[in-house]
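Undergrad: Below is the structure I would like to discuss, written out as structure tokens.
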Amino acid sequence: MKAKKMYLSVFLGVLLLPSCKTARDMVSENDICGEWNVVEIQGEPVRAQSNPFIGFDTKKGRVYGYSGCNRIMGSLDLSRDNKIELGHMASTLMACPDMELEGKLIEVLSTVKNVKRAGKNKIALYASDKEPVMLLSKRFSVVPLSGLEGEWNIVKVYGDTLSTDLEMRPSVKLDIADGRISGNSGCNRITGELRSDETVGNSISFHSVAATRMMCPDMETEKNILSALNSVRTYGILENGNLVFFTAGGAVVLELKRNK
């Protein structure tokens, strides 16, 4: 009798193993909603400095992103059993020196049929159930706007790391309650208005940003910082805790590190 119970337990355990694995792999609309960096395509790491990404808007049923050259967009249909269907992908028509990555990315997206978890903050897209054709990692997370309160050092502008040799470290102070931004551009003091669109979870923008008029040896950094601030429309928090600001099109214009 005991032997029969043991065999039954083993048999049930074997049956449950696949279902447990399937449960771990399953994703919901909330799981994939947001923007994802393209890490691998058909097993090959993506090392492009242009940082291609894919965004899934499950509420509006659309997919969008950046191919490394052009903006891309299409329709999205996600079913409960991890089936995913991406409609015809359209793109802007800008010509770039290297179009190979874009061509490969769009071609692979057209074959996608399934989506599964692939570890912490990662998902994989499949053309079949065998091998993933694209690996994606979470581009950023969103915290309440109040979580941005405080002082931040500017570490990157338009993707370029700022020199640590600057006489004054560029930084901003975000006063969420009063809706103000202040700080310095590495040369002059800056002030402006901070706004947020409540209909967009990670909305932020700066208005009437002005600077004092002192002349400094490096005015290019200040010019780029002011230009970037005026283009900001959304924000996100990277895995390393840094704050990033995006344009309306999703391009990163500023990266900041909290001043502790």
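Every chain in the structure tokens has a letter given in the order shown (A, B, ...), and although residue numbers restart at 1 in each chain, ligands are simply numbered from 1 in the order shown.
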Skipping near chain neighbours, those fewer than 3 positions away, what residues fall within 12 Å of Thr58 in chain A using only C-alpha atoms, listed as a PyMOL selection string?
TA: chain A and resi 28-35+55+61-64+75-79+84-86
Undergrad: Could you save those same residues with all heavy atoms as a compact mmCIF listing (two decimals), in the first residue's frame?
TA:
```
# COMPACT_ATOMS: atom_id res chain seq x y z
N SER A 28 1.48 38.34 -18.12
CA SER A 28 0.21 39.04 -18.25
C SER A 28 0.44 40.34 -19.01
O SER A 28 1.59 40.70 -19.32
CB SER A 28 -0.37 39.33 -16.87
OG SER A 28 0.46 40.26 -16.18
N GLU A 29 -0.64 41.06 -19.27
CA GLU A 29 -0.52 42.35 -19.93
C GLU A 29 0.34 43.30 -19.10
O GLU A 29 1.17 44.04 -19.63
CB GLU A 29 -1.91 42.96 -20.16
CG GLU A 29 -2.72 42.25 -21.23
CD GLU A 29 -4.00 42.98 -21.55
OE1 GLU A 29 -4.27 44.02 -20.91
OE2 GLU A 29 -4.73 42.53 -22.45
N ASN A 30 0.15 43.27 -17.77
CA ASN A 30 0.94 44.15 -16.90
C ASN A 30 2.42 43.80 -16.92
O ASN A 30 3.27 44.67 -16.76
CB ASN A 30 0.42 44.08 -15.46
CG ASN A 30 -0.92 44.76 -15.29
OD1 ASN A 30 -1.27 45.66 -16.06
ND2 ASN A 30 -1.69 44.34 -14.29
N ASP A 31 2.72 42.50 -17.12
CA ASP A 31 4.11 42.06 -17.11
C ASP A 31 4.90 42.63 -18.28
O ASP A 31 6.08 42.98 -18.13
CB ASP A 31 4.20 40.53 -17.15
CG ASP A 31 3.73 39.88 -15.87
OD1 ASP A 31 3.87 40.51 -14.82
OD2 ASP A 31 3.20 38.76 -15.94
N ILE A 32 4.30 42.70 -19.46
CA ILE A 32 5.06 43.14 -20.63
C ILE A 32 4.84 44.61 -20.95
O ILE A 32 5.57 45.19 -21.75
CB ILE A 32 4.74 42.29 -21.88
CG1 ILE A 32 3.39 42.66 -22.49
CG2 ILE A 32 4.81 40.81 -21.59
CD1 ILE A 32 3.24 42.14 -23.89
N CYS A 33 3.84 45.24 -20.33
CA CYS A 33 3.56 46.65 -20.63
C CYS A 33 4.77 47.50 -20.26
O CYS A 33 5.36 47.34 -19.20
CB CYS A 33 2.33 47.11 -19.85
SG CYS A 33 1.74 48.73 -20.36
N GLY A 34 5.17 48.39 -21.14
CA GLY A 34 6.32 49.26 -20.90
C GLY A 34 7.35 49.12 -22.00
O GLY A 34 7.08 48.56 -23.07
N GLU A 35 8.53 49.62 -21.73
CA GLU A 35 9.60 49.65 -22.74
C GLU A 35 10.73 48.72 -22.35
O GLU A 35 11.09 48.59 -21.18
CB GLU A 35 10.10 51.08 -22.91
CG GLU A 35 9.01 52.01 -23.46
CD GLU A 35 9.49 53.43 -23.65
OE1 GLU A 35 10.65 53.75 -23.30
OE2 GLU A 35 8.69 54.26 -24.16
N GLY A 55 8.58 48.93 -27.21
CA GLY A 55 7.59 49.30 -26.21
C GLY A 55 6.27 48.60 -26.49
O GLY A 55 5.84 48.51 -27.64
N GLY A 61 -3.24 48.52 -27.37
CA GLY A 61 -3.01 47.47 -28.36
C GLY A 61 -2.02 47.88 -29.44
O GLY A 61 -2.25 47.69 -30.63
N ARG A 62 -0.89 48.43 -29.01
CA ARG A 62 0.11 48.85 -30.00
C ARG A 62 1.51 48.53 -29.52
O ARG A 62 1.78 48.42 -28.31
CB ARG A 62 -0.01 50.36 -30.28
CG ARG A 62 0.42 51.26 -29.15
CD ARG A 62 0.17 52.73 -29.45
NE ARG A 62 0.73 53.58 -28.40
CZ ARG A 62 1.87 54.24 -28.51
NH1 ARG A 62 2.58 54.14 -29.63
NH2 ARG A 62 2.34 54.99 -27.52
N VAL A 63 2.40 48.35 -30.48
CA VAL A 63 3.81 48.17 -30.22
C VAL A 63 4.55 49.32 -30.89
O VAL A 63 4.14 49.79 -31.96
CB VAL A 63 4.30 46.79 -30.74
CG1 VAL A 63 4.09 46.67 -32.24
CG2 VAL A 63 5.77 46.57 -30.40
N TYR A 64 5.61 49.78 -30.27
CA TYR A 64 6.38 50.89 -30.81
C TYR A 64 7.82 50.73 -30.37
O TYR A 64 8.16 49.84 -29.59
CB TYR A 64 5.81 52.23 -30.33
CG TYR A 64 5.89 52.41 -28.82
CD1 TYR A 64 6.97 53.07 -28.24
CD2 TYR A 64 4.91 51.88 -27.98
CE1 TYR A 64 7.06 53.21 -26.86
CE2 TYR A 64 5.00 52.02 -26.60
CZ TYR A 64 6.07 52.68 -26.05
OH TYR A 64 6.16 52.81 -24.69
N SER A 75 0.62 47.16 -34.53
CA SER A 75 -0.45 46.75 -33.62
C SER A 75 0.01 45.58 -32.76
O SER A 75 0.95 44.86 -33.10
CB SER A 75 -1.70 46.35 -34.42
OG SER A 75 -1.42 45.26 -35.28
N LEU A 76 -0.68 45.39 -31.63
CA LEU A 76 -0.32 44.35 -30.66
C LEU A 76 -1.56 43.61 -30.22
O LEU A 76 -2.57 44.22 -29.86
CB LEU A 76 0.36 45.00 -29.45
CG LEU A 76 0.51 44.16 -28.18
CD1 LEU A 76 1.50 43.02 -28.41
CD2 LEU A 76 0.96 45.02 -27.01
N ASP A 77 -1.49 42.27 -30.25
CA ASP A 77 -2.58 41.43 -29.74
C ASP A 77 -1.96 40.37 -28.85
O ASP A 77 -1.18 39.54 -29.31
CB ASP A 77 -3.33 40.80 -30.91
CG ASP A 77 -4.55 40.00 -30.44
OD1 ASP A 77 -4.97 40.19 -29.28
OD2 ASP A 77 -5.06 39.18 -31.22
N LEU A 78 -2.29 40.41 -27.57
CA LEU A 78 -1.74 39.46 -26.60
C LEU A 78 -2.86 38.64 -25.99
O LEU A 78 -3.80 39.19 -25.41
CB LEU A 78 -0.98 40.21 -25.49
CG LEU A 78 -0.40 39.37 -24.36
CD1 LEU A 78 0.75 38.51 -24.88
CD2 LEU A 78 0.07 40.25 -23.21
N SER A 79 -2.78 37.31 -26.12
CA SER A 79 -3.80 36.44 -25.56
C SER A 79 -3.30 35.86 -24.23
O SER A 79 -2.15 36.01 -23.86
CB SER A 79 -4.15 35.31 -26.53
OG SER A 79 -3.03 34.48 -26.78
N ILE A 84 1.29 36.01 -28.82
CA ILE A 84 1.41 37.43 -29.13
C ILE A 84 1.46 37.62 -30.64
O ILE A 84 2.09 36.83 -31.35
CB ILE A 84 2.68 38.03 -28.46
CG1 ILE A 84 2.70 39.55 -28.63
CG2 ILE A 84 3.94 37.40 -28.98
CD1 ILE A 84 3.81 40.22 -27.82
N GLU A 85 0.75 38.62 -31.10
CA GLU A 85 0.72 38.89 -32.54
C GLU A 85 1.03 40.37 -32.75
O GLU A 85 0.37 41.25 -32.20
CB GLU A 85 -0.65 38.57 -33.13
CG GLU A 85 -0.71 38.77 -34.64
CD GLU A 85 -2.05 38.37 -35.23
OE1 GLU A 85 -2.79 37.61 -34.58
OE2 GLU A 85 -2.36 38.85 -36.34
N LEU A 86 2.06 40.63 -33.52
CA LEU A 86 2.46 42.00 -33.84
C LEU A 86 2.05 42.29 -35.28
O LEU A 86 2.48 41.59 -36.20
CB LEU A 86 3.97 42.18 -33.67
CG LEU A 86 4.54 41.78 -32.30
CD1 LEU A 86 6.04 41.98 -32.26
CD2 LEU A 86 3.87 42.57 -31.19
```
Undergrad: Using DSSP on the backbone coordinates, identify all residues within range 11-124 of chain A classified as strand (DSSP E); present the result as a PyMOL selection string.
TA: chain A and resi 34-41+44-45+53-57+62-66+71-78+84-86+90-91+114-117+122-124
Undergrad: If we count only C-alpha atoms and set the cut-off at 8 Å, which residues sit around Val142 in chain A, ignoring sequence neighbours fewer than 3 positions away in its own chain? Please answer as a list in words.
TA: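 These residues fall inside the cut-off: Gly201, Asn202, Tyr235, Gly236 and Ile237 of chain A.
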Undergrad: Report, in Å with one decimal, the straight-line distance from CA of Ser141 in chain A to CA of His88 in chain A.
TA: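 CA of His88 in chain A lies at a distance of 27.9 Å from CA of Ser141 in chain A.
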Undergrad: Which residue is closest to Thr92 in chain A? Choose from A:Gly74, A:Pro132, A:Gly147, A:Gly192 and count only C-alpha atoms.
TA: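 Counting only C-alpha atoms, the residue closest to Thr92 in chain A is A:Gly74.
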Undergrad: Using backbone DSSP assignments, extract all helix (DSSP H, G or I) residues from range 80-242 of chain A; output them as a CSV table (one decimal) with all heavy atoms, in the first residue's frame.
TA:
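Contents of states07.csv, freshly written:
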```
chain,number,residue,atom,x,y,z
A,100,GLU,N,21.6,47.5,-41.2
A,100,GLU,CA,21.5,46.1,-41.0
A,100,GLU,C,20.8,45.7,-39.8
A,100,GLU,O,19.9,44.8,-39.8
A,100,GLU,CB,22.9,45.5,-41.0
A,100,GLU,CG,22.9,43.9,-40.9
A,100,GLU,CD,24.3,43.4,-40.9
A,100,GLU,OE1,25.3,44.1,-41.1
A,100,GLU,OE2,24.5,42.1,-40.7
A,101,LEU,N,21.1,46.4,-38.7
A,101,LEU,CA,20.4,46.1,-37.4
A,101,LEU,C,18.9,46.3,-37.5
A,101,LEU,O,18.1,45.5,-37.1
A,101,LEU,CB,21.0,46.9,-36.3
A,101,LEU,CG,20.3,46.8,-34.9
A,101,LEU,CD1,20.3,45.4,-34.4
A,101,LEU,CD2,20.9,47.8,-33.9
A,102,GLU,N,18.5,47.4,-38.1
A,102,GLU,CA,17.1,47.7,-38.3
A,102,GLU,C,16.4,46.7,-39.1
A,102,GLU,O,15.3,46.2,-38.7
A,102,GLU,CB,16.9,49.1,-38.9
A,102,GLU,CG,15.5,49.4,-39.2
A,102,GLU,CD,15.3,50.9,-39.7
A,102,GLU,OE1,15.6,51.8,-39.0
A,102,GLU,OE2,14.7,51.0,-40.8
A,103,GLY,N,17.0,46.3,-40.2
A,103,GLY,CA,16.4,45.3,-41.1
A,103,GLY,C,16.2,44.0,-40.4
A,103,GLY,O,15.1,43.4,-40.5
A,104,LYS,N,17.2,43.6,-39.6
A,104,LYS,CA,17.1,42.3,-38.9
A,104,LYS,C,16.0,42.4,-37.8
A,104,LYS,O,15.2,41.4,-37.6
A,104,LYS,CB,18.4,42.0,-38.3
A,104,LYS,CG,18.6,40.6,-37.7
A,104,LYS,CD,20.0,40.3,-37.2
A,104,LYS,CE,20.1,38.9,-36.7
A,104,LYS,NZ,21.5,38.6,-36.3
A,105,LEU,N,16.0,43.5,-37.1
A,105,LEU,CA,15.0,43.7,-36.0
A,105,LEU,C,13.6,43.6,-36.5
A,105,LEU,O,12.8,42.9,-35.9
A,105,LEU,CB,15.3,45.0,-35.2
A,105,LEU,CG,14.5,45.2,-33.9
A,105,LEU,CD1,15.3,46.1,-33.0
A,105,LEU,CD2,13.2,45.9,-34.2
A,106,ILE,N,13.3,44.3,-37.5
A,106,ILE,CA,11.9,44.3,-38.1
A,106,ILE,C,11.6,43.0,-38.7
A,106,ILE,O,10.4,42.5,-38.5
A,106,ILE,CB,11.8,45.5,-39.1
A,106,ILE,CG1,11.9,46.8,-38.5
A,106,ILE,CG2,10.5,45.4,-39.9
A,106,ILE,CD1,11.9,48.0,-39.4
A,107,GLU,N,12.5,42.3,-39.3
A,107,GLU,CA,12.3,41.0,-39.9
A,107,GLU,C,11.9,40.0,-38.8
A,107,GLU,O,11.0,39.2,-38.9
A,107,GLU,CB,13.5,40.5,-40.7
A,107,GLU,CG,13.3,39.2,-41.3
A,107,GLU,CD,14.6,38.7,-42.0
A,107,GLU,OE1,15.6,39.4,-42.0
A,107,GLU,OE2,14.5,37.5,-42.5
A,108,VAL,N,12.7,40.0,-37.7
A,108,VAL,CA,12.5,39.1,-36.6
A,108,VAL,C,11.1,39.3,-35.9
A,108,VAL,O,10.4,38.4,-35.6
A,108,VAL,CB,13.6,39.1,-35.6
A,108,VAL,CG1,13.3,38.3,-34.3
A,108,VAL,CG2,14.9,38.5,-36.3
A,109,LEU,N,10.8,40.6,-35.7
A,109,LEU,CA,9.5,40.9,-35.1
A,109,LEU,C,8.3,40.4,-35.8
A,109,LEU,O,7.3,40.0,-35.3
A,109,LEU,CB,9.4,42.4,-34.9
A,109,LEU,CG,10.2,43.1,-33.8
A,109,LEU,CD1,10.0,44.6,-33.8
A,109,LEU,CD2,9.8,42.6,-32.4
A,145,LEU,N,6.0,60.4,-8.9
A,145,LEU,CA,6.7,61.7,-9.1
A,145,LEU,C,7.4,62.2,-7.9
A,145,LEU,O,8.5,62.7,-7.9
A,145,LEU,CB,5.8,62.7,-9.7
A,145,LEU,CG,6.4,64.0,-10.3
A,145,LEU,CD1,7.3,63.7,-11.4
A,145,LEU,CD2,5.3,65.0,-10.6
A,146,SER,N,6.7,61.9,-6.7
A,146,SER,CA,7.3,62.4,-5.5
A,146,SER,C,8.6,61.7,-5.1
A,146,SER,O,9.4,62.3,-4.4
A,146,SER,CB,6.3,62.1,-4.3
A,146,SER,OG,6.0,60.7,-4.2
A,147,GLY,N,8.9,60.6,-5.7
A,147,GLY,CA,10.1,59.9,-5.5
A,147,GLY,C,11.3,60.6,-6.2
A,147,GLY,O,12.5,60.2,-5.9
A,148,LEU,N,11.1,61.6,-7.0
A,148,LEU,CA,12.1,62.3,-7.7
A,148,LEU,C,12.6,63.5,-6.9
A,148,LEU,O,13.5,64.2,-7.2
A,148,LEU,CB,11.7,62.8,-9.1
A,148,LEU,CG,11.1,61.7,-10.0
A,148,LEU,CD1,10.9,62.3,-11.4
A,148,LEU,CD2,12.0,60.5,-10.1
A,220,GLU,N,29.3,75.0,-24.1
A,220,GLU,CA,28.7,73.9,-24.9
A,220,GLU,C,27.9,73.0,-24.0
A,220,GLU,O,26.7,72.6,-24.3
A,220,GLU,CB,29.7,73.1,-25.7
A,220,GLU,CG,29.1,72.2,-26.7
A,220,GLU,CD,28.4,72.9,-27.9
A,220,GLU,OE1,28.7,74.0,-28.1
A,220,GLU,OE2,27.6,72.2,-28.5
A,221,THR,N,28.4,72.6,-22.8
A,221,THR,CA,27.7,71.8,-21.9
A,221,THR,C,26.5,72.4,-21.4
A,221,THR,O,25.4,71.8,-21.4
A,221,THR,CB,28.6,71.4,-20.7
A,221,THR,OG1,29.8,70.7,-21.1
A,221,THR,CG2,27.9,70.6,-19.7
A,222,GLU,N,26.5,73.7,-21.1
A,222,GLU,CA,25.3,74.4,-20.6
A,222,GLU,C,24.3,74.4,-21.7
A,222,GLU,O,23.1,74.2,-21.5
A,222,GLU,CB,25.7,75.8,-20.2
A,222,GLU,CG,24.5,76.7,-19.9
A,222,GLU,CD,24.8,78.0,-19.3
A,222,GLU,OE1,25.5,78.1,-18.3
A,222,GLU,OE2,24.4,79.0,-19.9
A,223,LYS,N,24.7,74.7,-22.9
A,223,LYS,CA,23.8,74.8,-24.1
A,223,LYS,C,23.0,73.4,-24.2
A,223,LYS,O,21.8,73.4,-24.4
A,223,LYS,CB,24.5,75.1,-25.4
A,223,LYS,CG,23.7,75.1,-26.6
A,223,LYS,CD,24.5,75.4,-27.8
A,223,LYS,CE,23.7,75.3,-29.1
A,223,LYS,NZ,24.6,75.5,-30.3
A,224,ASN,N,23.8,72.3,-24.1
A,224,ASN,CA,23.2,71.0,-24.3
A,224,ASN,C,22.2,70.6,-23.2
A,224,ASN,O,21.2,70.0,-23.4
A,224,ASN,CB,24.3,69.9,-24.4
A,224,ASN,CG,25.1,70.0,-25.7
A,224,ASN,OD1,24.6,70.5,-26.7
A,224,ASN,ND2,26.3,69.5,-25.7
A,225,ILE,N,22.6,71.0,-21.9
A,225,ILE,CA,21.7,70.7,-20.8
A,225,ILE,C,20.4,71.5,-20.9
A,225,ILE,O,19.3,70.9,-20.7
A,225,ILE,CB,22.5,71.1,-19.5
A,225,ILE,CG1,23.6,70.1,-19.2
A,225,ILE,CG2,21.5,71.1,-18.3
A,225,ILE,CD1,24.4,70.4,-18.0
A,226,LEU,N,20.5,72.8,-21.3
A,226,LEU,CA,19.2,73.5,-21.4
A,226,LEU,C,18.4,73.0,-22.5
A,226,LEU,O,17.2,72.9,-22.4
A,226,LEU,CB,19.6,75.0,-21.7
A,226,LEU,CG,20.2,75.8,-20.5
A,226,LEU,CD1,20.7,77.2,-20.9
A,226,LEU,CD2,19.3,75.8,-19.3
A,227,SER,N,19.0,72.6,-23.6
A,227,SER,CA,18.3,72.0,-24.8
A,227,SER,C,17.6,70.7,-24.4
A,227,SER,O,16.4,70.5,-24.7
A,227,SER,CB,19.2,71.8,-25.9
A,227,SER,OG,18.6,71.0,-26.9
A,228,ALA,N,18.3,69.9,-23.6
A,228,ALA,CA,17.8,68.6,-23.2
A,228,ALA,C,16.6,68.8,-22.2
A,228,ALA,O,15.6,68.1,-22.4
A,228,ALA,CB,18.9,67.8,-22.5
A,229,LEU,N,16.7,69.7,-21.3
A,229,LEU,CA,15.7,70.0,-20.3
A,229,LEU,C,14.4,70.4,-21.0
A,229,LEU,O,13.3,70.0,-20.6
A,229,LEU,CB,16.1,71.0,-19.3
A,229,LEU,CG,17.1,70.6,-18.2
A,229,LEU,CD1,17.6,71.8,-17.4
A,229,LEU,CD2,16.5,69.5,-17.3
A,230,ASN,N,14.5,71.2,-22.0
A,230,ASN,CA,13.3,71.7,-22.8
A,230,ASN,C,12.6,70.6,-23.6
A,230,ASN,O,11.5,70.8,-24.0
A,230,ASN,CB,13.7,72.9,-23.7
A,230,ASN,CG,14.0,74.2,-22.9
A,230,ASN,OD1,13.3,74.5,-22.0
A,230,ASN,ND2,15.0,74.9,-23.4
A,231,SER,N,13.3,69.5,-23.8
A,231,SER,CA,12.8,68.4,-24.6
A,231,SER,C,12.2,67.3,-23.8
A,231,SER,O,11.6,66.4,-24.3
A,231,SER,CB,13.8,67.9,-25.6
A,231,SER,OG,14.8,67.2,-24.9
```
Undergrad: From the list A:Thr199, A:Asn240, A:Asn51, A:Asn153, which residue is nearest Ser67 in chain A when using only C-alpha atoms?
TA: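 Looking only at the distances to Ser67 in chain A, the closest residue turns out to be A:Asn51.
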Undergrad: Which residue is closest to Gln49 in chain A? Choose from A:Asp160, A:Asp178, A:Glu131, A:Glu149 and count only C-alpha atoms.
TA: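 Between A:Asp160, A:Asp178, A:Glu131, A:Glu149, the residue approaching Gln49 in chain A most closely is A:Asp160.
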Undergrad: What does the structure give for the distance between CA of Gly87 in chain A and CA of Gly68 in chain A, in Å to one decimal?
TA: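 If I compute the distance from CA of Gly87 in chain A to CA of Gly68 in chain A, I get 20.0 Å.
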Undergrad: Find, counting only C-alpha atoms, the residue in A:Cys69, A:Ala210, A:Val38, A:Leu238 that gets nearest to Pro97 in chain A.
TA: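 Ranking A:Cys69, A:Ala210, A:Val38, A:Leu238 by distance to Pro97 in chain A, first place goes to A:Cys69.
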Undergrad: Taking 3 positions as the minimum chain separation for residues in the same chain, which residues sit within 10 Å of Met94 in chain A when counting only C-alpha atoms? Answer as a ChimeraX atom specification.
TA: /A:69-71,91,99
Undergrad: Which one is closest to Met89 in chain A: A:Thr212, A:Asn121, A:Thr161, A:Ser110? Count only C-alpha atoms.
TA: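 Closest candidate: A:Ser110.
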Undergrad: Range 7-101 of chain A near range 113-119 of chain A within 7 Å: what's each residue's closest atom pair and its distance in Å to one decimal, counting only C-alpha atoms, ordered by chain then ascending residue number, as JSON lines?
TA:
```
{"residue": "A:Asp25", "atom": "CA", "partner": "A:Arg117", "partner_atom": "CA", "distance": 4.8}
{"residue": "A:Met26", "atom": "CA", "partner": "A:Lys116", "partner_atom": "CA", "distance": 5.9}
{"residue": "A:Val27", "atom": "CA", "partner": "A:Lys116", "partner_atom": "CA", "distance": 6.2}
{"residue": "A:Asn82", "atom": "CA", "partner": "A:Val115", "partner_atom": "CA", "distance": 5.5}
{"residue": "A:Lys83", "atom": "CA", "partner": "A:Asn114", "partner_atom": "CA", "distance": 4.6}
{"residue": "A:Ile84", "atom": "CA", "partner": "A:Lys113", "partner_atom": "CA", "distance": 5.1}
{"residue": "A:Glu85", "atom": "CA", "partner": "A:Lys113", "partner_atom": "CA", "distance": 5.8}
```
Undergrad: What does the structure give for the distance between CA of Leu136 in chain A and CA of Ser196 in chain A, in Å to one decimal?
TA: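 Distance between the two atoms: 28.6 Å.
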Undergrad: Nearest to Ile190 in chain A among A:Ala211, A:Val172, A:Ala124, A:Ala177, with distances taken over only C-alpha atoms: which residue is it?
TA: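 Ranked by minimum distance to Ile190 in chain A, first place goes to A:Ala211.
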Undergrad: I want to know what sits within 6 Å of Tyr66 in chain A, based on only C-alpha atoms, with residues of the same chain fewer than 5 positions away left out; could you give that as number ranges by chain?
TA: A: 52-53, 71-72
Undergrad: I'd like the neighbourhood of Pro170 in chain A as a ChimeraX atom specification, where a residue qualifies if any of its atoms comes within 8 Å (using only C-alpha atoms), though same-chain residues fewer than 4 positions away should be ignored.
TA: /A:153-154,183-187
